[in-house]
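Participant: Data: model_11.csv, CSV, C-alpha atoms.
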chain,number,residue,atom,x,y,z
A,1149,MET,CA,128.8,96.0,130.4
A,1150,ASN,CA,126.4,95.0,133.0
A,1151,LYS,CA,127.2,98.2,135.0
A,1152,GLN,CA,126.5,100.2,131.9
A,1153,LEU,CA,123.2,98.6,131.4
A,1154,GLY,CA,122.2,99.3,134.9
A,1155,HIS,CA,122.7,103.0,134.6
A,1156,ARG,CA,121.7,103.8,131.0
A,1157,ARG,CA,118.2,103.2,129.6
A,1158,ILE,CA,118.2,101.2,126.4
A,1159,GLU,CA,116.2,103.5,124.2
A,1160,GLY,CA,115.8,100.9,121.5
A,1161,LEU,CA,113.4,99.1,123.8
A,1162,ASP,CA,111.3,102.2,124.3
A,1163,PHE,CA,111.2,102.6,120.5
A,1164,ALA,CA,110.0,99.0,120.1
A,1165,ARG,CA,107.5,99.6,122.9
A,1166,ALA,CA,106.0,102.5,120.9
A,1167,LEU,CA,105.8,100.4,117.8
A,1168,ALA,CA,104.1,97.6,119.7
A,1169,MET,CA,101.6,100.2,121.0
A,1170,LEU,CA,100.9,101.4,117.5
A,1171,GLY,CA,100.3,97.8,116.4
A,1172,MET,CA,97.8,97.4,119.3
A,1173,PHE,CA,96.0,100.6,118.2
A,1174,ILE,CA,95.7,99.3,114.7
A,1175,VAL,CA,94.2,96.0,115.9
A,1176,ASN,CA,92.0,97.4,118.6
A,1177,PHE,CA,90.5,100.3,116.5
A,1178,GLY,CA,90.0,97.8,113.7
A,1179,VAL,CA,88.0,95.5,115.9
A,1180,ILE,CA,85.9,98.3,117.4
A,1181,SER,CA,85.2,99.9,114.0
A,1182,GLY,CA,84.3,96.5,112.5
A,1183,SER,CA,86.8,97.0,109.7
A,1184,THR,CA,88.8,93.8,110.0
A,1185,ALA,CA,87.2,92.3,106.8
A,1186,ASN,CA,86.0,95.4,105.0
A,1187,GLY,CA,88.4,96.9,102.5
A,1188,SER,CA,91.3,96.0,100.1
A,1189,GLN,CA,92.6,92.5,100.6
A,1190,TRP,CA,96.3,93.7,101.0
A,1191,LEU,CA,95.3,96.1,103.7
A,1192,ILE,CA,93.3,93.5,105.5
A,1193,GLN,CA,96.3,91.2,105.3
A,1194,LEU,CA,98.6,94.0,106.6
A,1195,GLN,CA,96.2,94.7,109.5
A,1196,SER,CA,96.1,91.0,110.4
A,1197,LEU,CA,99.9,90.9,110.7
A,1198,PHE,CA,99.6,92.9,113.8
A,1199,GLU,CA,97.0,90.6,115.4
A,1200,GLY,CA,98.6,88.9,118.4
A,1201,ARG,CA,102.1,90.0,117.3
A,1202,ALA,CA,101.9,93.5,118.7
A,1203,SER,CA,100.6,92.3,122.1
A,1204,ALA,CA,103.2,89.5,122.2
A,1205,LEU,CA,106.0,92.1,121.5
A,1206,PHE,CA,104.6,94.3,124.2
A,1207,VAL,CA,104.6,91.5,126.8
A,1208,ILE,CA,108.1,90.3,125.8
A,1209,LEU,CA,109.3,93.9,126.3
A,1210,ALA,CA,107.7,93.9,129.7
A,1211,GLY,CA,109.6,90.8,130.6
A,1212,ILE,CA,112.9,92.4,129.4
A,1213,GLY,CA,112.1,95.5,131.5
A,1214,THR,CA,111.4,93.3,134.6
A,1215,ALA,CA,114.8,91.5,134.2
A,1216,LEU,CA,116.6,94.8,133.8
A,1217,MET,CA,114.9,96.2,136.9
A,1218,THR,CA,115.8,93.3,139.0
A,1219,ARG,CA,119.3,92.8,137.7
A,1220,LYS,CA,121.0,94.1,140.8
A,1221,ALA,CA,119.2,91.8,143.1
A,1222,ARG,CA,119.7,88.8,140.8
A,1223,GLU,CA,123.4,89.3,140.3
A,1224,ALA,CA,124.1,90.1,144.0
A,1225,LYS,CA,122.1,87.0,145.1
A,1226,ASP,CA,121.1,89.0,148.2
A,1227,PRO,CA,118.0,87.5,149.8
A,1228,ILE,CA,116.9,91.0,151.1
A,1229,LEU,CA,117.3,92.6,147.6
A,1230,ILE,CA,115.5,89.7,146.0
A,1231,ARG,CA,112.6,90.0,148.5
A,1232,GLN,CA,112.4,93.7,148.0
A,1233,SER,CA,112.3,93.3,144.2
A,1234,LYS,CA,109.5,90.7,144.4
A,1235,LEU,CA,107.5,93.0,146.6
A,1236,THR,CA,108.0,95.9,144.1
A,1237,LEU,CA,106.9,93.6,141.3
A,1238,TRP,CA,103.8,92.4,143.2
A,1239,LYS,CA,102.8,96.0,144.0
A,1240,ARG,CA,103.1,96.8,140.3
A,1241,ALA,CA,101.2,93.7,139.3
A,1242,LEU,CA,98.4,94.6,141.6
A,1243,PHE,CA,98.2,98.2,140.2
A,1244,LEU,CA,98.1,96.9,136.6
A,1245,PHE,CA,95.5,94.3,137.5
A,1246,VAL,CA,93.3,96.9,139.1
A,1247,VAL,CA,93.7,99.3,136.2
A,1248,GLY,CA,92.9,96.5,133.7
A,1249,MET,CA,89.8,95.5,135.6
A,1250,VAL,CA,88.6,99.2,135.6
A,1251,LEU,CA,89.0,99.2,131.8
A,1252,TYR,CA,87.0,96.0,131.6
A,1253,VAL,CA,84.3,97.5,133.8
A,1254,VAL,CA,83.9,100.5,131.5
A,1255,GLY,CA,83.5,98.2,128.5
A,1256,TRP,CA,87.0,97.4,127.1
A,1257,THR,CA,86.8,93.6,127.1
A,1258,GLY,CA,90.0,93.4,125.1
A,1259,ASP,CA,92.1,94.6,128.0
A,1260,ILE,CA,95.6,93.1,128.4
A,1261,LEU,CA,96.6,94.9,131.6
A,1262,HIS,CA,94.9,92.6,134.1
A,1263,TYR,CA,96.5,89.6,132.4
A,1264,TYR,CA,99.8,91.5,132.4
A,1265,GLY,CA,99.5,92.0,136.1
A,1266,VAL,CA,99.1,88.3,136.7
A,1267,TYR,CA,102.1,87.5,134.5
A,1268,MET,CA,104.2,89.9,136.5
A,1269,PHE,CA,102.9,88.5,139.8
A,1270,LEU,CA,103.8,85.0,138.9
A,1271,ALA,CA,107.1,85.9,137.1
A,1272,ALA,CA,108.3,87.7,140.3
A,1273,LEU,CA,108.7,84.2,141.8
A,1274,LEU,CA,111.4,83.4,139.2
A,1275,ILE,CA,113.6,86.5,139.2
A,1276,ALA,CA,116.5,84.7,140.9
A,1277,THR,CA,116.2,81.4,139.1
A,1278,SER,CA,118.6,80.1,136.4
A,1279,LYS,CA,118.0,80.3,132.7
A,1280,LYS,CA,117.5,76.5,132.6
A,1281,THR,CA,114.7,76.8,135.1
A,1282,MET,CA,113.1,79.6,133.1
A,1283,LEU,CA,113.4,77.5,129.9
A,1284,PHE,CA,111.9,74.5,131.6
A,1285,THR,CA,109.0,76.6,132.9
A,1286,ILE,CA,108.4,78.1,129.5
A,1287,SER,CA,108.4,74.6,127.9
A,1288,ALA,CA,106.0,73.3,130.6
A,1289,VAL,CA,103.6,76.3,130.1
A,1290,ILE,CA,103.5,75.8,126.3
A,1291,ILE,CA,103.0,72.1,126.5
A,1292,VAL,CA,100.2,72.4,129.1
A,1293,SER,CA,98.6,75.1,127.1
A,1294,GLN,CA,98.5,72.9,124.0
A,1295,TRP,CA,97.1,70.0,126.0
A,1296,LEU,CA,94.3,72.3,127.4
A,1297,GLN,CA,93.4,73.4,123.9
A,1298,ILE,CA,93.1,69.8,122.7
A,1299,GLN,CA,91.4,68.6,125.9
A,1300,PHE,CA,88.7,71.3,126.3
A,1301,ASN,CA,86.4,73.4,124.2
A,1302,TYR,CA,88.3,76.6,123.5
A,1303,LEU,CA,85.1,78.6,122.8
A,1304,VAL,CA,83.3,77.8,126.0
A,1305,GLY,CA,82.2,81.0,127.8
A,1306,TRP,CA,82.1,83.0,124.6
A,1307,HIS,CA,78.7,84.3,123.3
A,1308,PRO,CA,77.6,81.9,120.5
A,1309,LYS,CA,76.5,84.9,118.4
A,1310,TYR,CA,79.4,87.2,119.3
A,1311,ILE,CA,82.3,84.7,119.4
A,1312,LEU,CA,85.5,86.2,120.6
A,1313,LEU,CA,83.7,89.5,121.2
A,1314,GLU,CA,81.6,88.9,124.3
A,1315,TYR,CA,82.4,86.6,127.2
A,1316,ILE,CA,79.2,85.5,128.9
A,1317,ASP,CA,80.2,84.4,132.4
A,1318,PHE,CA,83.3,86.6,132.9
A,1319,TRP,CA,82.0,87.9,136.2
A,1320,THR,CA,81.6,84.5,137.8
A,1321,VAL,CA,84.5,82.8,139.6
A,1322,GLU,CA,84.6,79.9,137.1
A,1323,GLY,CA,84.2,82.1,134.0
A,1324,PHE,CA,86.8,84.6,135.3
A,1325,MET,CA,89.4,81.9,136.0
A,1326,ARG,CA,88.7,80.1,132.7
A,1327,ASN,CA,89.1,83.4,130.8
A,1328,LEU,CA,92.3,84.3,132.7
A,1329,LEU,CA,94.0,81.0,132.5
A,1330,PHE,CA,92.7,79.3,129.3
A,1331,ASN,CA,90.7,81.1,126.7
A,1332,GLY,CA,90.6,84.8,127.2
A,1333,TYR,CA,92.3,87.2,124.8
A,1334,HIS,CA,95.7,86.8,126.5
A,1335,PRO,CA,95.4,83.8,128.9
A,1336,VAL,CA,98.1,82.9,131.3
A,1337,PHE,CA,98.5,79.6,129.5
A,1338,PRO,CA,100.5,80.3,127.3
A,1339,TRP,CA,100.9,84.1,127.3
A,1340,ILE,CA,103.1,84.1,130.5
A,1341,SER,CA,105.7,82.3,128.3
A,1342,PHE,CA,106.2,85.6,126.4
A,1343,PHE,CA,106.9,87.4,129.6
A,1344,LEU,CA,109.4,84.8,130.7
A,1345,ILE,CA,111.1,84.8,127.3
A,1346,GLY,CA,111.5,88.5,127.7
A,1347,MET,CA,113.0,88.0,131.2
A,1348,ILE,CA,115.6,85.6,129.7
A,1349,VAL,CA,116.5,88.1,126.9
A,1350,GLY,CA,116.7,90.8,129.6
A,1351,THR,CA,119.4,88.8,131.5
A,1352,LEU,CA,121.6,89.0,128.4
A,1353,ASP,CA,124.1,91.7,127.6
A,1354,LEU,CA,122.1,93.6,125.1
A,1355,THR,CA,124.9,96.1,124.4
A,1356,ASN,CA,127.0,93.3,122.9
A,1357,ARG,CA,126.7,93.6,119.1
A,1358,ALA,CA,127.9,90.0,118.5
A,1359,LEU,CA,125.2,88.7,120.8
A,1360,ARG,CA,122.6,90.8,119.0
A,1361,LYS,CA,123.6,89.3,115.6
A,1362,LYS,CA,123.1,85.8,117.1
A,1363,LEU,CA,119.7,86.8,118.4
A,1364,VAL,CA,118.6,88.2,115.0
A,1365,THR,CA,120.0,85.1,113.2
A,1366,VAL,CA,118.3,82.7,115.5
A,1367,GLY,CA,115.1,84.8,115.4
A,1368,ILE,CA,114.9,84.9,111.6
A,1369,LEU,CA,115.8,81.2,111.2
A,1370,LEU,CA,113.3,80.1,113.9
A,1371,GLY,CA,110.5,82.3,112.5
A,1372,VAL,CA,111.0,81.1,108.9
A,1373,ILE,CA,111.3,77.4,109.9
A,1374,ILE,CA,108.1,77.6,112.1
A,1375,GLU,CA,106.1,79.4,109.4
A,1376,ILE,CA,107.2,76.9,106.7
A,1377,PHE,CA,106.6,73.9,109.1
A,1378,SER,CA,103.1,75.3,109.9
A,1379,LYS,CA,102.1,75.5,106.3
A,1380,VAL,CA,103.5,72.1,105.4
A,1381,ILE,CA,101.9,70.3,108.3
A,1382,ILE,CA,98.6,72.0,107.8
A,1383,HIS,CA,98.7,70.9,104.1
A,1384,PHE,CA,99.6,67.2,104.8
A,1385,SER,CA,97.3,66.8,107.8
A,1386,THR,CA,94.3,68.1,105.9
A,1387,LYS,CA,95.2,65.8,103.1
A,1388,TYR,CA,95.4,62.6,105.2
A,1389,PHE,CA,93.8,62.8,108.6
A,1390,LEU,CA,92.4,66.2,109.7
A,1391,ASP,CA,89.8,68.6,108.5
A,1392,HIS,CA,90.9,72.1,107.6
A,1393,ASP,CA,89.6,73.8,110.7
A,1394,SER,CA,91.2,71.3,113.1
A,1395,ALA,CA,94.5,71.6,111.3
A,1396,LEU,CA,94.4,75.4,111.6
A,1397,TYR,CA,93.4,75.1,115.2
A,1398,LEU,CA,96.5,72.9,116.0
A,1399,PHE,CA,99.2,74.2,113.7
A,1400,ASP,CA,98.4,77.8,112.5
A,1401,THR,CA,100.6,80.7,113.7
A,1402,GLY,CA,97.6,83.0,114.3
A,1403,PRO,CA,96.6,84.1,117.8
A,1404,ILE,CA,93.4,82.2,118.2
A,1405,PRO,CA,94.1,79.8,119.8
A,1406,PRO,CA,97.6,80.6,120.9
A,1407,ASN,CA,99.2,77.2,120.2
A,1408,ILE,CA,102.8,76.1,120.1
A,1409,MET,CA,103.3,77.4,116.6
A,1410,TYR,CA,102.0,80.8,117.5
A,1411,VAL,CA,104.2,81.2,120.6
A,1412,LEU,CA,107.4,80.2,118.8
A,1413,SER,CA,106.7,82.2,115.6
A,1414,ASN,CA,105.7,85.4,117.5
A,1415,SER,CA,108.6,85.1,120.0
A,1416,ALA,CA,111.0,84.8,117.1
A,1417,SER,CA,109.6,87.9,115.2
A,1418,ALA,CA,109.5,89.9,118.5
A,1419,ILE,CA,113.2,89.3,119.2
A,1420,VAL,CA,114.1,90.3,115.6
A,1421,ILE,CA,112.0,93.5,115.9
A,1422,ILE,CA,113.5,94.4,119.3
A,1423,VAL,CA,117.1,94.0,118.2
A,1424,GLY,CA,116.3,95.7,115.0
A,1425,CYS,CA,114.9,98.7,116.9
A,1426,MET,CA,118.0,98.9,119.0
A,1427,TYR,CA,120.2,99.0,115.9
A,1428,PHE,CA,117.9,101.5,114.3
A,1429,VAL,CA,117.9,103.9,117.2
A,1430,GLU,CA,121.7,103.7,117.7
A,1431,THR,CA,122.3,104.3,114.0
A,1432,PHE,CA,119.7,106.9,112.9
A,1433,LYS,CA,118.6,108.6,116.1
A,1434,ASN,CA,117.2,112.1,115.4
A,1435,LYS,CA,114.4,114.3,116.8
A,1436,VAL,CA,111.6,112.2,115.3
A,1437,ILE,CA,113.0,109.0,116.7
A,1438,GLU,CA,113.5,110.7,120.1
A,1439,ALA,CA,109.8,111.7,120.1
A,1440,ILE,CA,108.8,108.1,119.4
A,1441,ILE,CA,111.1,106.9,122.2
A,1442,LYS,CA,109.4,109.3,124.6
A,1443,THR,CA,106.1,107.9,123.4
A,1444,GLY,CA,107.2,104.4,124.3
A,1445,GLN,CA,108.2,105.6,127.7
A,1446,LEU,CA,104.6,106.6,128.3
A,1447,SER,CA,103.1,103.4,127.0
A,1448,LEU,CA,101.0,102.6,130.0
A,1449,THR,CA,99.4,106.1,129.9
A,1450,HIS,CA,98.8,105.8,126.2
A,1451,TYR,CA,97.3,102.3,126.4
A,1452,VAL,CA,94.8,103.4,129.0
A,1453,GLY,CA,94.2,106.6,127.0
A,1454,HIS,CA,93.4,104.8,123.8
A,1455,VAL,CA,90.4,103.2,125.7
A,1456,PHE,CA,89.1,106.3,127.4
A,1457,ILE,CA,89.8,108.7,124.5
A,1458,GLY,CA,90.4,106.8,121.2
A,1459,ILE,CA,87.6,104.2,121.5
A,1460,THR,CA,85.2,106.7,123.2
A,1461,VAL,CA,85.6,109.1,120.2
A,1462,LEU,CA,84.6,106.2,117.8
A,1463,GLU,CA,81.6,105.4,119.9
A,1464,VAL,CA,80.4,109.0,120.5
A,1465,PHE,CA,80.5,109.8,116.8
A,1466,ASP,CA,78.9,106.4,115.9
A,1467,LEU,CA,82.1,105.2,114.1
A,1468,SER,CA,82.2,101.8,115.7
A,1469,ASN,CA,80.4,99.7,113.1
A,1470,ASN,CA,81.2,98.4,109.6
A,1471,LEU,CA,83.9,101.0,108.7
A,1472,THR,CA,86.7,100.3,106.2
A,1473,VAL,CA,90.1,99.1,107.1
A,1474,VAL,CA,91.6,102.3,105.5
A,1475,PHE,CA,89.6,104.4,108.0
A,1476,SER,CA,90.6,102.3,111.0
A,1477,MET,CA,94.3,102.2,110.1
A,1478,LEU,CA,94.4,106.0,109.4
A,1479,TYR,CA,92.6,106.6,112.7
A,1480,ALA,CA,95.1,104.4,114.6
A,1481,CYS,CA,98.0,106.3,113.0
A,1482,CYS,CA,96.5,109.7,113.7
A,1483,TYR,CA,95.8,108.7,117.3
A,1484,PHE,CA,99.4,107.5,117.6
A,1485,LEU,CA,100.6,110.8,116.2
A,1486,GLY,CA,98.6,112.5,118.9
A,1487,CYS,CA,100.3,110.4,121.5
A,1488,VAL,CA,103.6,111.4,120.1
A,1489,PHE,CA,102.8,115.1,120.4
A,1490,PHE,CA,101.4,114.6,123.9
A,1491,SER,CA,104.6,112.8,125.0
A,1492,ILE,CA,106.8,115.5,123.7
A,1493,TRP,CA,104.9,118.1,125.6
A,1494,TRP,CA,104.6,116.1,128.8
A,1495,ARG,CA,108.3,115.2,128.9
A,1496,THR,CA,109.2,118.8,128.8
A,1497,ILE,CA,107.6,119.1,132.2
A,1498,HIS,CA,107.8,115.7,133.8
A,1499,GLN,CA,110.3,112.8,133.7
A,1500,ARG,CA,107.6,110.1,133.7
A,1501,GLY,CA,104.1,109.8,132.3
A,1502,PRO,CA,101.0,110.4,134.5
A,1503,LEU,CA,100.2,106.7,135.1
A,1504,GLU,CA,103.9,105.7,135.1
A,1505,LEU,CA,104.5,108.2,137.9
A,1506,ILE,CA,101.6,106.9,140.0
A,1507,LEU,CA,102.8,103.3,139.4
A,1508,ARG,CA,106.3,104.2,140.6
A,1509,LYS,CA,105.1,106.0,143.7
A,1510,TRP,CA,102.7,103.1,144.5
A,1511,SER,CA,105.4,100.4,144.1
A,1512,ASN,CA,108.3,102.1,145.9
Translate the structure of the given file into structure tokens.

Facilitator:
Amino acid sequence: MNKQLGHRRIEGLDFARALAMLGMFIVNFGVISGSTANGSQWLIQLQSLFEGRASALFVILAGIGTALMTRKAREAKDPILIRQSKLTLWKRALFLFVVGMVLYVVGWTGDILHYYGVYMFLAALLIATSKKTMLFTISAVIIVSQWLQIQFNYLVGWHPKYILLEYIDFWTVEGFMRNLLFNGYHPVFPWISFFLIGMIVGTLDLTNRALRKKLVTVGILLGVIIEIFSKVIIHFSTKYFLDHDSALYLFDTGPIPPNIMYVLSNSASAIVIIVGCMYFVETFKNKVIEAIIKTGQLSLTHYVGHVFIGITVLEVFDLSNNLTVVFSMLYACCYFLGCVFFSIWWRTIHQRGPLELILRKWSN
């Protein structure tokens, strides 16, 4: 089974990656167009479901991909192969970090790539460690993250008038490190835990249907338990010893701040989605699904493209203020459809996407 995994790409992961990208489009275009609270309540709720979840899914998939890429070195336990794998990951991490910072410079302050580069750089140190060590590291990261959120002001550095939209001192050493590690959009504490969870999942035999059923069962049970526990503890804590805002801050499953409840709930839903996508692709694969798979394989190119093209179009045509959620979601879906058509055309000529090809050449 492991040999099969090493030689055949798991297309369900690419399908899930495309869905994660669509979710990020919906969230990002919604924020840019100012539509997150403007429209039908059910659509606003639907849009909010993607907040934090799409990005977490994307990062977990990155961790799975990293584990699959380093499988040979990990299983051989060859120091030379392990060192080569680390070097490859560090090169990729640097590339992603630089691309992410370029996006930040041109005005996309919601970038995830520079964080993603740091996750990958740090995670490379753990590619040959045991699952127990990984789980211990994940637990430590989550606990430290929660402690930081209780100990320090989570909104420090954010503009008081444009909270969670403009970071005042990002370009100072202190501000940059605070944003990167503590209270940016995707801070290392606790977001690297998603990457490490993905690495653990990636070490499993994902072709084993019995194992998949266990993953789905655990994911659903964990997700339901956490969501119920979150609601119950918020209710009782606000009734007896906390104000409503403090209770939400500590126990809500939303992305701001990314507390323990958020990490557990989103990890569970991401695993269910990933396994579900694998089943779906294997059962119903057709031309449309193949096109979406190709789109997921060009996710880096499309992520960067949605900043330089998708967001630029909104700004050029003055569509970046107080629009409806219907418009932003339709725009996100149409832009995603454009990505699908581009992917179909590009893959008839090239095996990899433009940025994916550059990344591969740089890291080899």

Participant: So that each row is one residue of segment 1272-1385 of chain A with an atom at most 12 Å from segment 1221-1226 of chain A, can you give its shortest atom pair and the distance in Å to one decimal, using all atoms listed in the file, rows by chain and rising number, as JSON lines?

Facilitator:
{"residue": "A:Ala1272", "atom": "CA", "partner": "A:Arg1222", "partner_atom": "CA", "distance": 11.5}
{"residue": "A:Leu1273", "atom": "CA", "partner": "A:Arg1222", "partner_atom": "CA", "distance": 12.0}
{"residue": "A:Leu1274", "atom": "CA", "partner": "A:Arg1222", "partner_atom": "CA", "distance": 10.0}
{"residue": "A:Ile1275", "atom": "CA", "partner": "A:Arg1222", "partner_atom": "CA", "distance": 6.7}
{"residue": "A:Ala1276", "atom": "CA", "partner": "A:Arg1222", "partner_atom": "CA", "distance": 5.2}
{"residue": "A:Thr1277", "atom": "CA", "partner": "A:Arg1222", "partner_atom": "CA", "distance": 8.4}
{"residue": "A:Ser1278", "atom": "CA", "partner": "A:Arg1222", "partner_atom": "CA", "distance": 9.8}
{"residue": "A:Lys1279", "atom": "CA", "partner": "A:Arg1222", "partner_atom": "CA", "distance": 11.9}
{"residue": "A:Met1347", "atom": "CA", "partner": "A:Arg1222", "partner_atom": "CA", "distance": 11.7}
{"residue": "A:Gly1350", "atom": "CA", "partner": "A:Arg1222", "partner_atom": "CA", "distance": 11.8}
{"residue": "A:Thr1351", "atom": "CA", "partner": "A:Arg1222", "partner_atom": "CA", "distance": 9.3}

Participant: Would you compute the distance between atom CA of Ile1506 of chain A and atom CA of Met1172 of chain A? Give it in Å to one decimal.

Facilitator: 23.1 Å

Participant: At a cut-off of 9 Å, using all atoms listed in the file, what residues contact segment 1327-1342 of chain A? Leave out same-chain residues fewer than 2 positions from it and give the result as JSON, numbers by chain.

Facilitator: {"A": [1200, 1203, 1204, 1205, 1207, 1208, 1209, 1211, 1257, 1258, 1259, 1260, 1262, 1263, 1264, 1266, 1267, 1268, 1270, 1271, 1285, 1286, 1287, 1289, 1290, 1291, 1292, 1293, 1294, 1296, 1297, 1302, 1303, 1304, 1305, 1312, 1315, 1318, 1322, 1323, 1324, 1325, 1344, 1345, 1346, 1347, 1403, 1404, 1405, 1406, 1407, 1408, 1411, 1414, 1415]}

Participant: So how far away is atom CA of Val1253 of chain A from atom CA of Phe1173 of chain A, in Å?

Facilitator: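 So the answer is 19.7 Å.
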
Participant: Of the candidates A:Gln1193, A:Ser1413, A:Ser1468, A:Thr1184, which one gets nearest to Ser1378 of chain A if we count all atoms listed in the file?

Facilitator: A:Ser1413

Participant: Hey, can you check how far atom CA of Lys1509 of chain A sits from atom CA of Thr1214 of chain A?

Facilitator: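 Interatomic distance, atom CA of Lys1509 of chain A to atom CA of Thr1214 of chain A: 16.8 Å.
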
Participant: Do you know which residues are at most 8 Å from segment 1160-1167 of chain A counting all atoms listed in the file, after dropping those on the same chain fewer than 4 positions away, and could you put them as a PDB file with C-alpha atoms, in the frame of the given file?

Facilitator:
ATOM      1  CA  GLY A1171     100.300  97.800 116.400  1.00  0.00           C
ATOM      2  CA  ALA A1202     101.900  93.500 118.700  1.00  0.00           C
ATOM      3  CA  LEU A1205     106.000  92.100 121.500  1.00  0.00           C
ATOM      4  CA  PHE A1206     104.600  94.300 124.200  1.00  0.00           C
ATOM      5  CA  LEU A1209     109.300  93.900 126.300  1.00  0.00           C
ATOM      6  CA  ILE A1421     112.000  93.500 115.900  1.00  0.00           C
ATOM      7  CA  ILE A1422     113.500  94.400 119.300  1.00  0.00           C
ATOM      8  CA  VAL A1423     117.100  94.000 118.200  1.00  0.00           C
ATOM      9  CA  CYS A1425     114.900  98.700 116.900  1.00  0.00           C
ATOM     10  CA  MET A1426     118.000  98.900 119.000  1.00  0.00           C
ATOM     11  CA  TYR A1427     120.200  99.000 115.900  1.00  0.00           C
ATOM     12  CA  PHE A1428     117.900 101.500 114.300  1.00  0.00           C
ATOM     13  CA  VAL A1429     117.900 103.900 117.200  1.00  0.00           C
ATOM     14  CA  GLU A1430     121.700 103.700 117.700  1.00  0.00           C
ATOM     15  CA  ILE A1437     113.000 109.000 116.700  1.00  0.00           C
ATOM     16  CA  ILE A1440     108.800 108.100 119.400  1.00  0.00           C
ATOM     17  CA  ILE A1441     111.100 106.900 122.200  1.00  0.00           C
ATOM     18  CA  LYS A1442     109.400 109.300 124.600  1.00  0.00           C
ATOM     19  CA  THR A1443     106.100 107.900 123.400  1.00  0.00           C
ATOM     20  CA  GLY A1444     107.200 104.400 124.300  1.00  0.00           C
ATOM     21  CA  GLN A1445     108.200 105.600 127.700  1.00  0.00           C
ATOM     22  CA  SER A1447     103.100 103.400 127.000  1.00  0.00           C
TER      23      SER A1447
END

Participant: My list of candidates is A:Leu1467, A:Leu1283, A:Val1420, A:Leu1485. Which is closest to Ile1348 of chain A when distances are computed with all atoms listed in the file?

Facilitator: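 Of A:Leu1467, A:Leu1283, A:Val1420, A:Leu1485, the one nearest Ile1348 of chain A, counting all atoms listed in the file, is A:Leu1283.
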
Participant: Pick out the closest residue to Val1452 of chain A from this set: A:Phe1198, A:Trp1238, A:Arg1157, A:Gly1248. Count all atoms listed in the file.

Facilitator: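 Nearest candidate to Val1452 of chain A out of A:Phe1198, A:Trp1238, A:Arg1157, A:Gly1248: A:Gly1248.
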
Participant: Which is closest to Gly1371 of chain A among A:Ala1395, A:Leu1313, A:Leu1359, A:Ala1418, if we use only C-alpha atoms?

Facilitator: A:Ala1418

Participant: Show me the residues close to (88.8, 92.5, 103.3) - anything with an atom within 12 Å, counting all atoms listed in the file - and format the list as a ChimeraX atom specification.

Facilitator: /A:1178,1182-1196,1470-1474

Participant: May I have the selected residues written with C-alpha atoms, as a PDB file, keeping the file's coordinate frame?

Facilitator:
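Ended up saving to result-v6.pdb:
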ATOM      1  CA  GLY A1178      90.000  97.800 113.700  1.00  0.00           C
ATOM      2  CA  GLY A1182      84.300  96.500 112.500  1.00  0.00           C
ATOM      3  CA  SER A1183      86.800  97.000 109.700  1.00  0.00           C
ATOM      4  CA  THR A1184      88.800  93.800 110.000  1.00  0.00           C
ATOM      5  CA  ALA A1185      87.200  92.300 106.800  1.00  0.00           C
ATOM      6  CA  ASN A1186      86.000  95.400 105.000  1.00  0.00           C
ATOM      7  CA  GLY A1187      88.400  96.900 102.500  1.00  0.00           C
ATOM      8  CA  SER A1188      91.300  96.000 100.100  1.00  0.00           C
ATOM      9  CA  GLN A1189      92.600  92.500 100.600  1.00  0.00           C
ATOM     10  CA  TRP A1190      96.300  93.700 101.000  1.00  0.00           C
ATOM     11  CA  LEU A1191      95.300  96.100 103.700  1.00  0.00           C
ATOM     12  CA  ILE A1192      93.300  93.500 105.500  1.00  0.00           C
ATOM     13  CA  GLN A1193      96.300  91.200 105.300  1.00  0.00           C
ATOM     14  CA  LEU A1194      98.600  94.000 106.600  1.00  0.00           C
ATOM     15  CA  GLN A1195      96.200  94.700 109.500  1.00  0.00           C
ATOM     16  CA  SER A1196      96.100  91.000 110.400  1.00  0.00           C
ATOM     17  CA  ASN A1470      81.200  98.400 109.600  1.00  0.00           C
ATOM     18  CA  LEU A1471      83.900 101.000 108.700  1.00  0.00           C
ATOM     19  CA  THR A1472      86.700 100.300 106.200  1.00  0.00           C
ATOM     20  CA  VAL A1473      90.100  99.100 107.100  1.00  0.00           C
ATOM     21  CA  VAL A1474      91.600 102.300 105.500  1.00  0.00           C
TER      22      VAL A1474
END

Participant: Can you tell me which residues surround Lys1362 of chain A at a distance of at most 12 Å, considering only C-alpha atoms, apart from same-chain residues fewer than 6 positions away, and format the answer as a list in words?

Facilitator: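 Once the adjacent positions are removed, what remains is Leu1352, Leu1354, Asn1356, Ile1368, Leu1369, Leu1370, Ile1419, Val1420 and Val1423 of chain A.
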
Participant: Looking at A:Lys1433, A:Gly1424, A:Leu1398, A:His1307, which one is nearest to Arg1357 of chain A, with distances taken over all atoms listed in the file?

Facilitator: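 With all atoms listed in the file as the atom set, the closest residue is A:Gly1424.
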
Participant: For Asp1353 of chain A, which residue among A:Ile1457, A:Ile1373, A:Ile1212, A:Leu1505 is the nearest when counting all atoms listed in the file?

Facilitator: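 Comparing A:Ile1457, A:Ile1373, A:Ile1212, A:Leu1505 against Asp1353 of chain A, the winner is A:Ile1212.
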
Participant: Can you list, as a ChimeraX atom specification, every protein, DNA or RNA residue that comes within 12 Å of Gln1499 of chain A when you count only C-alpha atoms, leaving out same-chain residues fewer than 4 positions away?

Facilitator: /A:1442,1445-1446,1491-1495,1503-1505,1508

Participant: As a count of residues only, please: the residues near Ile1381 of chain A (cut-off 12 Å, all atoms listed in the file, same-chain neighbours under 5 positions excluded).

Facilitator: 19
